[in-house]
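Dropping coords_23.csv in here (CSV, C-alpha atoms):
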```
chain,number,residue,atom,x,y,z
A,19,MET,CA,-51.4,6.8,54.2
A,20,ALA,CA,-53.6,5.1,51.7
A,21,GLY,CA,-52.5,2.1,49.7
A,22,VAL,CA,-53.3,1.1,46.1
A,23,SER,CA,-52.5,-2.5,45.1
A,24,GLY,CA,-52.9,-4.4,41.8
A,25,SER,CA,-51.4,-4.9,38.4
A,26,LEU,CA,-49.1,-2.1,37.3
A,27,ASN,CA,-50.0,-2.0,33.7
A,28,PRO,CA,-47.3,-3.5,31.5
A,29,VAL,CA,-44.5,-3.0,34.0
A,30,ALA,CA,-41.3,-4.8,34.7
A,31,VAL,CA,-38.4,-4.2,37.1
A,32,ARG,CA,-35.1,-3.8,35.3
A,33,GLU,CA,-31.9,-2.5,36.8
A,34,GLY,CA,-33.6,-1.1,39.8
A,35,TYR,CA,-36.4,0.8,37.9
A,36,ILE,CA,-39.9,0.1,36.7
A,37,SER,CA,-40.1,-0.3,33.0
A,38,PRO,CA,-43.5,0.1,31.2
A,39,PHE,CA,-43.1,-2.6,28.6
A,40,SER,CA,-43.9,-5.9,30.3
A,41,SER,CA,-46.1,-7.0,33.3
A,42,THR,CA,-45.8,-7.7,37.0
A,43,VAL,CA,-47.9,-7.1,40.1
A,44,GLY,CA,-47.1,-4.9,43.0
A,45,SER,CA,-48.4,-2.2,45.4
A,46,VAL,CA,-47.9,1.5,45.6
A,47,ALA,CA,-48.8,3.7,48.6
A,48,ASP,CA,-50.1,7.2,47.8
A,49,ARG,CA,-50.8,10.3,49.8
A,50,ARG,CA,-54.2,11.9,49.8
A,51,GLY,CA,-54.4,15.4,48.4
A,52,THR,CA,-56.4,17.9,46.5
A,53,VAL,CA,-57.7,17.0,43.1
A,54,ARG,CA,-59.0,19.6,40.7
A,55,ILE,CA,-60.3,18.9,37.2
A,56,TRP,CA,-60.1,21.1,34.2
A,57,ARG,CA,-63.0,20.3,31.9
A,58,ARG,CA,-60.9,20.2,28.8
A,59,PRO,CA,-58.2,19.0,28.9
A,60,LEU,CA,-57.1,17.7,32.3
A,61,GLU,CA,-53.6,18.7,33.4
A,62,VAL,CA,-51.5,17.1,36.1
A,63,LYS,CA,-48.7,19.1,37.7
A,64,LEU,CA,-45.7,17.9,39.6
A,65,TYR,CA,-44.8,19.0,43.1
A,66,SER,CA,-42.6,17.5,45.8
A,67,SER,CA,-43.2,14.8,48.5
A,68,ARG,CA,-41.8,11.3,49.0
A,69,MET,CA,-42.4,7.9,47.7
A,70,ALA,CA,-43.5,5.5,50.4
A,71,PRO,CA,-42.9,1.8,49.4
A,72,GLU,CA,-39.3,0.7,49.5
A,73,LYS,CA,-40.2,-1.9,46.9
A,74,PHE,CA,-40.5,0.7,44.1
A,75,ARG,CA,-37.9,3.2,45.4
A,76,CYS,CA,-35.0,3.7,43.1
A,77,SER,CA,-33.1,6.3,45.2
A,78,GLY,CA,-35.2,8.0,47.9
A,79,PHE,CA,-37.9,9.7,45.9
A,80,ARG,CA,-39.1,13.1,47.0
A,81,THR,CA,-41.9,14.3,44.7
A,82,ARG,CA,-45.6,14.4,44.5
A,83,MET,CA,-48.1,15.2,41.9
A,84,ALA,CA,-51.3,17.3,42.2
A,85,VAL,CA,-54.1,17.2,39.7
A,86,LEU,CA,-55.5,20.5,38.6
A,87,ASP,CA,-59.2,21.0,37.6
A,88,GLU,CA,-62.0,23.5,37.8
A,89,ARG,CA,-63.8,21.7,40.6
A,90,ILE,CA,-62.5,20.3,43.8
A,91,ALA,CA,-63.1,16.6,44.4
A,92,ARG,CA,-63.1,14.9,47.8
A,93,GLY,CA,-59.9,13.4,49.0
A,94,GLY,CA,-58.1,12.4,45.9
A,95,VAL,CA,-54.7,10.8,45.5
A,96,GLN,CA,-51.3,12.4,44.9
A,97,LYS,CA,-48.8,10.1,43.3
A,98,SER,CA,-45.1,10.3,44.0
A,99,SER,CA,-42.0,10.7,41.8
A,100,ASP,CA,-38.7,12.3,42.0
A,101,ILE,CA,-37.6,11.0,38.6
A,102,LEU,CA,-38.6,14.0,36.4
A,103,ALA,CA,-40.9,17.0,36.5
A,104,PHE,CA,-43.8,16.6,34.2
A,105,ASP,CA,-47.3,17.6,33.1
A,106,LEU,CA,-49.9,15.1,32.1
A,107,ILE,CA,-52.5,16.7,29.7
A,108,GLN,CA,-55.6,14.5,29.2
A,109,GLY,CA,-58.4,14.7,26.7
A,110,GLU,CA,-61.9,14.9,27.9
A,111,LEU,CA,-62.7,11.2,27.3
A,112,VAL,CA,-59.7,10.3,29.4
A,113,ARG,CA,-61.0,12.5,32.3
A,114,LEU,CA,-64.5,10.9,32.1
A,115,ASN,CA,-63.0,7.4,32.5
A,116,PRO,CA,-60.7,7.6,35.5
A,117,SER,CA,-59.1,4.8,37.5
A,118,VAL,CA,-61.6,2.7,39.5
A,119,GLY,CA,-60.2,0.8,42.5
A,120,ASN,CA,-57.2,-1.2,41.5
A,121,LYS,CA,-58.0,-1.0,37.8
A,122,VAL,CA,-55.9,1.4,35.7
A,123,PRO,CA,-57.5,2.3,32.3
A,124,ASP,CA,-55.1,1.7,29.4
A,125,HIS,CA,-55.5,5.2,27.9
A,126,PRO,CA,-53.3,5.7,24.8
A,127,THR,CA,-50.5,8.0,25.8
A,128,ALA,CA,-48.1,10.1,23.8
A,129,VAL,CA,-44.8,11.3,25.3
A,130,LEU,CA,-43.5,14.7,24.1
A,131,LEU,CA,-39.8,15.4,24.6
A,132,HIS,CA,-38.0,18.7,24.3
A,133,GLY,CA,-34.6,19.6,22.9
A,134,ILE,CA,-31.4,20.8,24.6
A,135,LEU,CA,-31.9,23.9,26.7
A,136,GLY,CA,-35.7,23.5,26.3
A,137,GLY,CA,-38.4,22.4,28.6
A,138,ARG,CA,-41.8,20.7,28.9
A,139,LYS,CA,-43.6,24.0,28.4
A,140,ASN,CA,-42.3,24.1,24.9
A,141,TRP,CA,-44.9,21.5,24.1
A,142,GLY,CA,-47.7,22.9,26.3
A,143,SER,CA,-50.0,24.7,23.9
A,144,PHE,CA,-49.4,22.1,21.2
A,145,ALA,CA,-50.3,19.2,23.5
A,146,ARG,CA,-53.5,21.0,24.6
A,147,ARG,CA,-54.4,21.3,21.0
A,148,LEU,CA,-53.8,17.6,20.5
A,149,ALA,CA,-55.9,16.8,23.6
A,150,ARG,CA,-58.8,18.8,22.2
A,151,GLU,CA,-58.7,17.2,18.8
A,152,PHE,CA,-58.1,13.6,20.2
A,153,PRO,CA,-59.9,13.5,23.5
A,154,MET,CA,-59.3,9.8,24.1
A,155,TRP,CA,-55.5,10.5,24.3
A,156,GLN,CA,-53.3,11.8,27.1
A,157,PHE,CA,-50.0,13.5,26.7
A,158,LEU,CA,-47.0,13.3,29.0
A,159,LEU,CA,-44.7,16.3,28.9
A,160,VAL,CA,-41.4,16.1,30.8
A,161,ASP,CA,-38.5,18.3,31.8
A,162,LEU,CA,-35.5,16.1,30.9
A,163,ARG,CA,-32.7,15.8,33.5
A,164,CYS,CA,-30.7,19.0,34.1
A,165,HIS,CA,-33.6,21.1,32.6
A,166,GLY,CA,-36.4,23.1,34.1
A,167,ASP,CA,-38.0,21.8,37.3
A,168,SER,CA,-36.0,18.5,36.9
A,169,ALA,CA,-32.7,20.4,37.3
A,170,SER,CA,-33.1,20.3,41.1
A,171,LEU,CA,-33.6,16.5,41.1
A,172,LYS,CA,-30.0,15.3,41.4
A,173,LYS,CA,-28.9,12.4,39.2
A,174,SER,CA,-26.0,10.1,39.6
A,175,GLY,CA,-23.9,8.9,36.8
A,176,SER,CA,-23.2,10.5,33.4
A,177,HIS,CA,-25.6,12.9,31.7
A,178,THR,CA,-26.2,11.2,28.4
A,179,VAL,CA,-28.9,10.5,25.8
A,180,ALA,CA,-29.2,7.0,27.2
A,181,SER,CA,-29.5,8.2,30.8
A,182,ALA,CA,-32.1,10.8,29.8
A,183,ALA,CA,-34.1,8.0,28.0
A,184,LEU,CA,-33.8,5.8,31.0
A,185,ASP,CA,-35.3,8.6,33.2
A,186,VAL,CA,-38.4,8.7,30.9
A,187,LEU,CA,-38.7,4.9,30.9
A,188,LYS,CA,-38.7,5.0,34.7
A,189,LEU,CA,-41.3,7.7,34.9
A,190,VAL,CA,-43.8,6.1,32.5
A,191,GLY,CA,-43.4,2.9,34.4
A,192,GLN,CA,-44.0,4.5,37.7
A,193,LEU,CA,-47.0,6.3,36.4
A,194,ARG,CA,-48.3,3.1,34.9
A,195,LEU,CA,-48.6,4.5,31.4
A,196,THR,CA,-48.4,2.7,28.1
A,197,PRO,CA,-46.7,4.9,25.5
A,198,ARG,CA,-48.1,4.4,22.0
A,199,ILE,CA,-46.4,7.5,20.5
A,200,LEU,CA,-43.0,9.0,21.3
A,201,VAL,CA,-42.3,12.5,19.9
A,202,GLY,CA,-38.9,14.1,20.4
A,203,HIS,CA,-37.6,17.4,19.1
A,204,SER,CA,-33.9,17.6,18.3
A,205,PHE,CA,-32.0,16.1,21.4
A,206,GLY,CA,-35.4,14.7,22.4
A,207,GLY,CA,-35.6,12.8,19.1
A,208,LYS,CA,-32.5,10.8,20.0
A,209,VAL,CA,-33.9,10.2,23.5
A,210,ALA,CA,-37.1,8.7,21.9
A,211,LEU,CA,-34.9,6.4,19.8
A,212,SER,CA,-32.9,5.4,22.8
A,213,MET,CA,-36.1,4.6,24.7
A,214,VAL,CA,-37.0,2.0,22.0
A,215,GLU,CA,-33.4,0.6,22.1
A,216,GLN,CA,-33.4,0.3,25.9
A,217,ALA,CA,-36.9,-1.0,26.6
A,218,ALA,CA,-36.6,-4.2,28.8
A,219,LYS,CA,-39.1,-6.0,26.6
A,220,PRO,CA,-40.7,-5.1,23.3
A,221,LEU,CA,-42.8,-1.9,23.4
A,222,ALA,CA,-46.6,-2.2,23.2
A,223,ARG,CA,-47.4,-2.7,19.6
A,224,PRO,CA,-47.8,-0.7,17.5
A,225,VAL,CA,-45.6,2.2,18.7
A,226,LYS,CA,-44.8,5.2,16.6
A,227,VAL,CA,-41.7,7.3,17.1
A,228,TRP,CA,-41.3,10.8,15.7
A,229,VAL,CA,-37.8,12.3,15.5
A,230,LEU,CA,-38.2,16.0,14.7
A,231,ASP,CA,-35.4,17.8,12.9
A,232,ALA,CA,-32.7,15.4,14.1
A,233,THR,CA,-30.7,12.6,12.6
A,234,PRO,CA,-29.8,9.3,14.4
A,235,GLY,CA,-26.1,9.4,13.9
A,236,LYS,CA,-23.1,11.4,15.1
A,237,LEU,CA,-23.4,15.1,14.4
A,238,ARG,CA,-21.2,16.6,11.7
A,239,PRO,CA,-19.1,19.7,12.4
A,240,PRO,CA,-21.3,22.8,11.9
A,241,GLY,CA,-20.8,24.9,8.8
A,242,ASP,CA,-21.6,28.5,8.1
A,243,GLY,CA,-25.2,29.3,8.8
A,244,ASP,CA,-25.7,26.2,11.0
A,245,ASP,CA,-26.6,26.4,14.6
A,246,HIS,CA,-23.8,26.2,17.2
A,247,PRO,CA,-25.4,24.9,20.5
A,248,ALA,CA,-22.0,24.0,22.0
A,249,GLU,CA,-20.9,27.7,21.6
A,250,LEU,CA,-24.2,28.8,23.1
A,251,ILE,CA,-23.8,26.6,26.1
A,252,ASN,CA,-20.2,27.9,26.6
A,253,PHE,CA,-21.3,31.5,26.4
A,254,LEU,CA,-24.1,30.9,28.9
A,255,SER,CA,-21.7,29.4,31.3
A,256,LYS,CA,-19.9,32.7,31.5
A,257,MET,CA,-23.0,34.7,32.4
A,258,PRO,CA,-24.0,35.4,36.0
A,259,LYS,CA,-26.4,32.9,37.6
A,260,GLN,CA,-28.8,35.8,38.3
A,261,VAL,CA,-29.6,38.6,35.9
A,262,SER,CA,-31.7,41.7,36.3
A,263,SER,CA,-33.3,41.7,32.9
A,264,LYS,CA,-34.2,39.2,30.1
A,265,VAL,CA,-33.7,42.0,27.6
A,266,GLU,CA,-30.1,42.3,28.7
A,267,VAL,CA,-29.5,38.6,28.1
A,268,ILE,CA,-31.2,38.8,24.6
A,269,ASP,CA,-29.0,41.8,23.7
A,270,SER,CA,-25.8,40.1,24.9
A,271,LEU,CA,-26.6,37.0,22.9
A,272,ILE,CA,-27.4,38.9,19.7
A,273,LEU,CA,-24.2,41.0,20.2
A,274,GLU,CA,-22.3,37.7,20.4
A,275,GLY,CA,-23.6,36.6,17.0
A,276,PHE,CA,-26.6,34.4,18.0
A,277,SER,CA,-29.9,35.0,16.3
A,278,LYS,CA,-32.8,36.9,17.9
A,279,GLU,CA,-34.9,33.7,17.7
A,280,VAL,CA,-32.2,31.7,19.6
A,281,ALA,CA,-31.9,34.5,22.2
A,282,GLN,CA,-35.6,34.7,22.8
A,283,TRP,CA,-35.8,30.9,23.2
A,284,VAL,CA,-32.9,30.9,25.7
A,285,VAL,CA,-34.5,33.4,28.1
A,286,THR,CA,-37.5,31.1,28.5
A,287,ASN,CA,-35.1,29.3,30.9
A,288,LEU,CA,-35.1,32.4,33.2
A,289,ARG,CA,-37.4,32.5,36.2
A,290,GLN,CA,-38.1,35.6,38.3
A,291,THR,CA,-37.0,35.4,41.9
A,292,GLU,CA,-36.9,37.8,44.8
A,293,ARG,CA,-33.8,39.5,45.9
A,294,ARG,CA,-33.4,40.1,49.6
A,295,GLY,CA,-33.6,43.8,50.6
A,296,SER,CA,-34.5,45.0,47.1
A,297,SER,CA,-37.8,45.6,45.4
A,298,ASN,CA,-36.2,45.1,41.9
A,299,PRO,CA,-36.8,41.7,40.4
A,300,VAL,CA,-34.0,39.3,39.4
A,301,PHE,CA,-34.1,36.3,37.1
A,302,SER,CA,-32.3,33.0,37.8
A,303,TRP,CA,-31.5,30.2,35.3
A,304,THR,CA,-33.6,27.0,35.7
A,305,PHE,CA,-31.1,24.6,34.3
A,306,ASP,CA,-27.9,22.7,35.3
A,307,LEU,CA,-25.6,24.0,32.6
A,308,ASN,CA,-22.7,21.7,33.4
A,309,GLY,CA,-25.0,18.7,33.1
A,310,ILE,CA,-26.5,20.1,29.8
A,311,ALA,CA,-23.0,20.5,28.4
A,312,GLU,CA,-22.4,16.8,29.1
A,313,MET,CA,-25.8,15.9,27.6
A,314,TYR,CA,-25.1,17.8,24.4
A,315,LYS,CA,-21.7,16.2,24.0
A,316,SER,CA,-23.4,12.8,24.2
A,317,TYR,CA,-26.0,14.0,21.7
A,318,GLU,CA,-23.1,14.8,19.2
A,319,GLU,CA,-21.5,11.4,19.7
A,320,THR,CA,-24.5,9.1,20.1
A,321,ASN,CA,-25.1,6.8,17.1
A,322,LEU,CA,-28.5,5.2,16.9
A,323,TRP,CA,-28.5,4.2,13.2
A,324,ASP,CA,-28.8,0.5,14.3
A,325,ILE,CA,-32.3,1.0,15.7
A,326,VAL,CA,-33.3,2.7,12.4
A,327,GLU,CA,-31.8,0.2,10.0
A,328,ASP,CA,-33.1,-2.8,12.1
A,329,VAL,CA,-36.4,-1.5,13.4
A,330,PRO,CA,-38.2,-3.9,15.8
A,331,GLN,CA,-41.4,-5.4,14.3
A,332,GLY,CA,-44.4,-3.2,15.1
A,333,VAL,CA,-42.3,0.0,15.6
A,334,HIS,CA,-42.7,2.8,13.1
A,335,VAL,CA,-40.0,5.5,13.1
A,336,ASN,CA,-40.8,8.9,11.4
A,337,PHE,CA,-38.2,11.5,10.7
A,338,LEU,CA,-39.3,15.1,10.1
A,339,LYS,CA,-36.9,17.6,8.5
A,340,ALA,CA,-37.7,21.3,8.8
A,341,GLU,CA,-37.5,23.1,5.4
A,342,ARG,CA,-35.3,25.8,6.8
A,343,SER,CA,-33.5,23.6,9.3
A,344,LEU,CA,-30.3,24.6,11.0
A,345,HIS,CA,-29.6,21.0,11.8
A,346,ARG,CA,-26.8,19.4,10.0
A,347,TRP,CA,-28.7,17.2,7.5
A,348,ALA,CA,-26.6,15.6,4.8
A,349,LEU,CA,-27.4,13.8,1.6
A,350,GLU,CA,-26.0,10.6,3.2
A,351,ASP,CA,-28.5,10.9,6.1
A,352,LEU,CA,-31.5,11.2,3.7
A,353,GLN,CA,-30.2,8.3,1.6
A,354,ARG,CA,-29.8,6.0,4.6
A,355,ILE,CA,-33.3,6.9,5.9
A,356,HIS,CA,-34.9,6.2,2.5
A,357,ALA,CA,-33.0,2.9,2.3
A,358,ALA,CA,-34.2,2.0,5.8
A,359,GLU,CA,-37.8,2.8,4.6
A,360,GLU,CA,-37.6,-0.1,2.0
A,361,LEU,CA,-35.9,-2.5,4.4
A,362,ALA,CA,-38.4,-1.9,7.3
A,363,ALA,CA,-41.4,-2.4,5.0
A,364,ASP,CA,-40.1,-5.9,4.3
A,365,GLU,CA,-39.6,-6.7,8.0
A,366,GLY,CA,-43.1,-5.7,9.2
A,367,ALA,CA,-41.9,-2.4,10.7
A,368,GLY,CA,-41.7,1.1,9.3
A,369,VAL,CA,-39.5,4.1,8.6
A,370,GLU,CA,-40.7,7.2,6.9
A,371,MET,CA,-39.3,10.6,6.0
A,372,HIS,CA,-41.4,13.9,6.1
A,373,VAL,CA,-40.6,17.5,5.4
A,374,LEU,CA,-42.3,20.4,7.2
A,375,GLU,CA,-42.5,23.4,4.9
A,376,ASP,CA,-42.1,27.0,6.1
A,377,ALA,CA,-40.4,26.0,9.3
A,378,GLY,CA,-37.0,26.4,10.9
A,379,HIS,CA,-35.5,24.1,13.6
A,380,TRP,CA,-38.2,25.1,16.2
A,381,VAL,CA,-40.9,23.3,14.3
A,382,GLN,CA,-43.7,23.5,16.9
A,383,ALA,CA,-43.3,27.3,17.0
A,384,ASP,CA,-42.5,28.1,13.4
A,385,ASN,CA,-45.3,26.1,11.8
A,386,PRO,CA,-47.6,24.6,14.4
A,387,ASP,CA,-50.5,24.0,11.9
A,388,GLY,CA,-48.3,22.1,9.5
A,389,LEU,CA,-46.8,20.0,12.3
A,390,PHE,CA,-50.2,19.3,13.7
A,391,ARG,CA,-51.4,18.0,10.3
A,392,ILE,CA,-48.4,15.7,9.9
A,393,LEU,CA,-48.5,14.3,13.4
A,394,SER,CA,-52.3,13.9,13.4
A,395,SER,CA,-52.1,10.9,11.1
A,396,SER,CA,-50.5,8.9,14.0
A,397,PHE,CA,-53.3,9.6,16.4
A,398,ILE,CA,-56.0,8.9,13.8
A,399,ARG,CA,-54.6,5.5,12.8
A,400,SER,CA,-53.7,4.4,16.3
```
Could you spell out this file's structure in structure tokens?
Amino acid sequence: MAGVSGSLNPVAVREGYISPFSSTVGSVADRRGTVRIWRRPLEVKLYSSRMAPEKFRCSGFRTRMAVLDERIARGGVQKSSDILAFDLIQGELVRLNPSVGNKVPDHPTAVLLHGILGGRKNWGSFARRLAREFPMWQFLLVDLRCHGDSASLKKSGSHTVASAALDVLKLVGQLRLTPRILVGHSFGGKVALSMVEQAAKPLARPVKVWVLDATPGKLRPPGDGDDHPAELINFLSKMPKQVSSKVEVIDSLILEGFSKEVAQWVVTNLRQTERRGSSNPVFSWTFDLNGIAEMYKSYEETNLWDIVEDVPQGVHVNFLKAERSLHRWALEDLQRIHAAEELAADEGAGVEMHVLEDAGHWVQADNPDGLFRILSSSFIRS
């Protein structure tokens, strides 16, 4: 087993995990494996193994990461994590400046977070586009706890916005990344704000946070025409764990009154599996629905207005409202955000409000070009 020692980027140990926002020195042992490199952009995939050193073990980690590329390099290193499943998409200039010995290049990193019942693949094509346009950046896409490939990684304690944010903080610390931009859609937006709130020490400055089609406070009861995620979660809990057709699920959801767009989005959580003794395919859900129900309840109840109305110096929080949003935006929310804009400007921080035209709640799918133009300003100025 090969060992890698040295400074762990801005990393600090807090409550049994590695946080990415201060500095310490330690060592991590890695397994050798296959490294492949895509010319543009590089993508890192997560698989399973175990983490060697007790010093950095939070709870018996069993994951490993393989780097995919178009050519096979000799040896290579596979890092370990059982915190969250993730992809790391790297621009070409990041790939051309890899780690040398114990030195870890401080490549600017953006973390992209999905919403409830979503997954890291929701951001895949958008992140690759960003990596092509901004080749000096790398983009970390995760499956939040109870979602996608992270659903099989058992978590102790409550499933909340705060615990989901802590998972991401642990992961970026373990990977020795320095987040400069946090982008969260819906539930992921509150996770991004909670990351700022929970960081053991101040984030690397400056850091920009994007909260896409979500408000920081408690959710108001839905009205006519609003989305009803709690009802959707409840309906899915009554469905069989294995289904024979995605079309059947879509039809059932539409019959229950959910939109076709919601139905098509939900079935992205189905994965084809083999059924013993049958040639007919079956599909299984890739989420922990009980955990997701708990996470959504936390999302409804979590209030993060304090971090918005008292933004730490050097942090810039951006809110983006979709023009055709199904999220429960209220005039009071908009007024508080605009008031926070003026206050933050006086304190050396920043709060800003944006509107994405011609888009519903699923902003990266409804108007990817418009979203790309709005977000690009953060990567150009950083």
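Excluding Arg289 of chain A itself and any same-chain residue fewer than 3 positions from it, the protein and nucleic acid residues within 9 Å of it, counting only C-alpha atoms, are Val285, Thr286, Val300, Phe301, Ser302, Trp303 and Thr304 of chain A.
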Point (-53.0, 10.5, 28.1) neighbourhood (12 Å, only C-alpha atoms) written as a PyMOL selection string: chain A and resi 59-62+105-113+115-116+123-130+145-146+148-150+152-159+190+193-199+397
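Across the model, the gap from atom CA of Leu230 of chain A to atom CA of Ala248 of chain A is 19.5 Å.
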Identify the residues within 12 Å of coordinate (-35.7, 28.2, 29.8) (same frame as the file), considering only C-alpha atoms, and give the answer as a short mmCIF file (atom, residue, chain, number, x, y, z; two decimals) with C-alpha atoms, in the frame of the given file.
```
data_model
loop_
_atom_site.label_atom_id
_atom_site.label_comp_id
_atom_site.auth_asym_id
_atom_site.auth_seq_id
_atom_site.Cartn_x
_atom_site.Cartn_y
_atom_site.Cartn_z
CA HIS A 132 -38.00 18.70 24.30
CA GLY A 133 -34.60 19.60 22.90
CA ILE A 134 -31.40 20.80 24.60
CA LEU A 135 -31.90 23.90 26.70
CA GLY A 136 -35.70 23.50 26.30
CA GLY A 137 -38.40 22.40 28.60
CA ARG A 138 -41.80 20.70 28.90
CA LYS A 139 -43.60 24.00 28.40
CA ASN A 140 -42.30 24.10 24.90
CA ASP A 161 -38.50 18.30 31.80
CA CYS A 164 -30.70 19.00 34.10
CA HIS A 165 -33.60 21.10 32.60
CA GLY A 166 -36.40 23.10 34.10
CA ASP A 167 -38.00 21.80 37.30
CA ALA A 169 -32.70 20.40 37.30
CA LEU A 254 -24.10 30.90 28.90
CA LYS A 264 -34.20 39.20 30.10
CA VAL A 280 -32.20 31.70 19.60
CA ALA A 281 -31.90 34.50 22.20
CA GLN A 282 -35.60 34.70 22.80
CA TRP A 283 -35.80 30.90 23.20
CA VAL A 284 -32.90 30.90 25.70
CA VAL A 285 -34.50 33.40 28.10
CA THR A 286 -37.50 31.10 28.50
CA ASN A 287 -35.10 29.30 30.90
CA LEU A 288 -35.10 32.40 33.20
CA ARG A 289 -37.40 32.50 36.20
CA GLN A 290 -38.10 35.60 38.30
CA PHE A 301 -34.10 36.30 37.10
CA SER A 302 -32.30 33.00 37.80
CA TRP A 303 -31.50 30.20 35.30
CA THR A 304 -33.60 27.00 35.70
CA PHE A 305 -31.10 24.60 34.30
CA ASP A 306 -27.90 22.70 35.30
CA LEU A 307 -25.60 24.00 32.60
#
```
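Computed from the coordinates, the atom CA of Thr291 of chain A to atom CA of Lys259 of chain A distance equals 11.7 Å.
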Residue nearest Asp324 of chain A among A:Val201, A:Ala232, A:Val225, A:Val214 (counting all atoms listed in the file): A:Val214
Ile325 of chain A environment, 8 Å, only C-alpha atoms, sequence neighbours closer than 4 positions dropped, as a ChimeraX atom specification: /A:211,214-215,329-330
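With atom CA of Asn336 of chain A on one side and atom CA of Glu319 of chain A on the other, the separation reads 21.2 Å.
Between Pro224 of chain A and the candidates A:Met313, A:Leu349, A:Leu237, A:Leu200, the tightest atom-to-atom separation, counting all atoms listed in the file, involves A:Leu200.
Closest to Leu131 of chain A among A:Lys173, A:Arg147, A:Glu266, A:Gly202 is A:Gly202, based on only C-alpha atoms.
Using only C-alpha atoms, the shortest contact distance between Glu318 of chain A and any of A:Val179, A:Leu102, A:Ala358, A:Val186 is found at A:Val179.
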Regenerate segment 144-149 of chain A at the level of all heavy atoms and dump it as a CSV table (one decimal), keeping the file's coordinate frame.
```
chain,number,residue,atom,x,y,z
A,144,PHE,N,-49.2,23.1,22.2
A,144,PHE,CA,-49.4,22.1,21.2
A,144,PHE,C,-50.1,20.8,21.7
A,144,PHE,O,-51.0,20.3,21.1
A,144,PHE,CB,-48.0,21.7,20.6
A,144,PHE,CG,-48.1,21.0,19.3
A,144,PHE,CD1,-48.2,21.7,18.1
A,144,PHE,CD2,-48.1,19.6,19.3
A,144,PHE,CE1,-48.3,21.0,16.9
A,144,PHE,CE2,-48.2,18.9,18.1
A,144,PHE,CZ,-48.3,19.6,16.9
A,145,ALA,N,-49.7,20.4,22.9
A,145,ALA,CA,-50.3,19.2,23.5
A,145,ALA,C,-51.7,19.5,23.9
A,145,ALA,O,-52.6,18.6,23.7
A,145,ALA,CB,-49.5,18.8,24.8
A,146,ARG,N,-52.1,20.7,24.3
A,146,ARG,CA,-53.5,21.0,24.6
A,146,ARG,C,-54.3,20.9,23.4
A,146,ARG,O,-55.5,20.5,23.4
A,146,ARG,CB,-53.6,22.3,25.4
A,146,ARG,CG,-53.1,22.2,26.8
A,146,ARG,CD,-53.4,23.5,27.6
A,146,ARG,NE,-52.5,24.6,27.2
A,146,ARG,CZ,-51.3,24.8,27.8
A,146,ARG,NH1,-50.9,24.0,28.7
A,146,ARG,NH2,-50.5,25.7,27.4
A,147,ARG,N,-53.7,21.4,22.3
A,147,ARG,CA,-54.4,21.3,21.0
A,147,ARG,C,-54.7,19.9,20.6
A,147,ARG,O,-55.8,19.5,20.1
A,147,ARG,CB,-53.6,22.1,19.9
A,147,ARG,CG,-54.3,22.1,18.6
A,147,ARG,CD,-53.5,22.9,17.6
A,147,ARG,NE,-54.1,22.8,16.2
A,147,ARG,CZ,-53.5,23.4,15.2
A,147,ARG,NH1,-52.4,24.1,15.3
A,147,ARG,NH2,-54.1,23.3,14.0
A,148,LEU,N,-53.7,19.0,20.8
A,148,LEU,CA,-53.8,17.6,20.5
A,148,LEU,C,-54.9,17.0,21.3
A,148,LEU,O,-55.7,16.2,20.9
A,148,LEU,CB,-52.5,16.9,20.6
A,148,LEU,CG,-51.4,17.1,19.6
A,148,LEU,CD1,-50.1,16.5,20.0
A,148,LEU,CD2,-51.9,16.5,18.2
A,149,ALA,N,-54.9,17.4,22.6
A,149,ALA,CA,-55.9,16.8,23.6
A,149,ALA,C,-57.3,17.2,23.2
A,149,ALA,O,-58.3,16.4,23.4
A,149,ALA,CB,-55.6,17.2,25.0
```
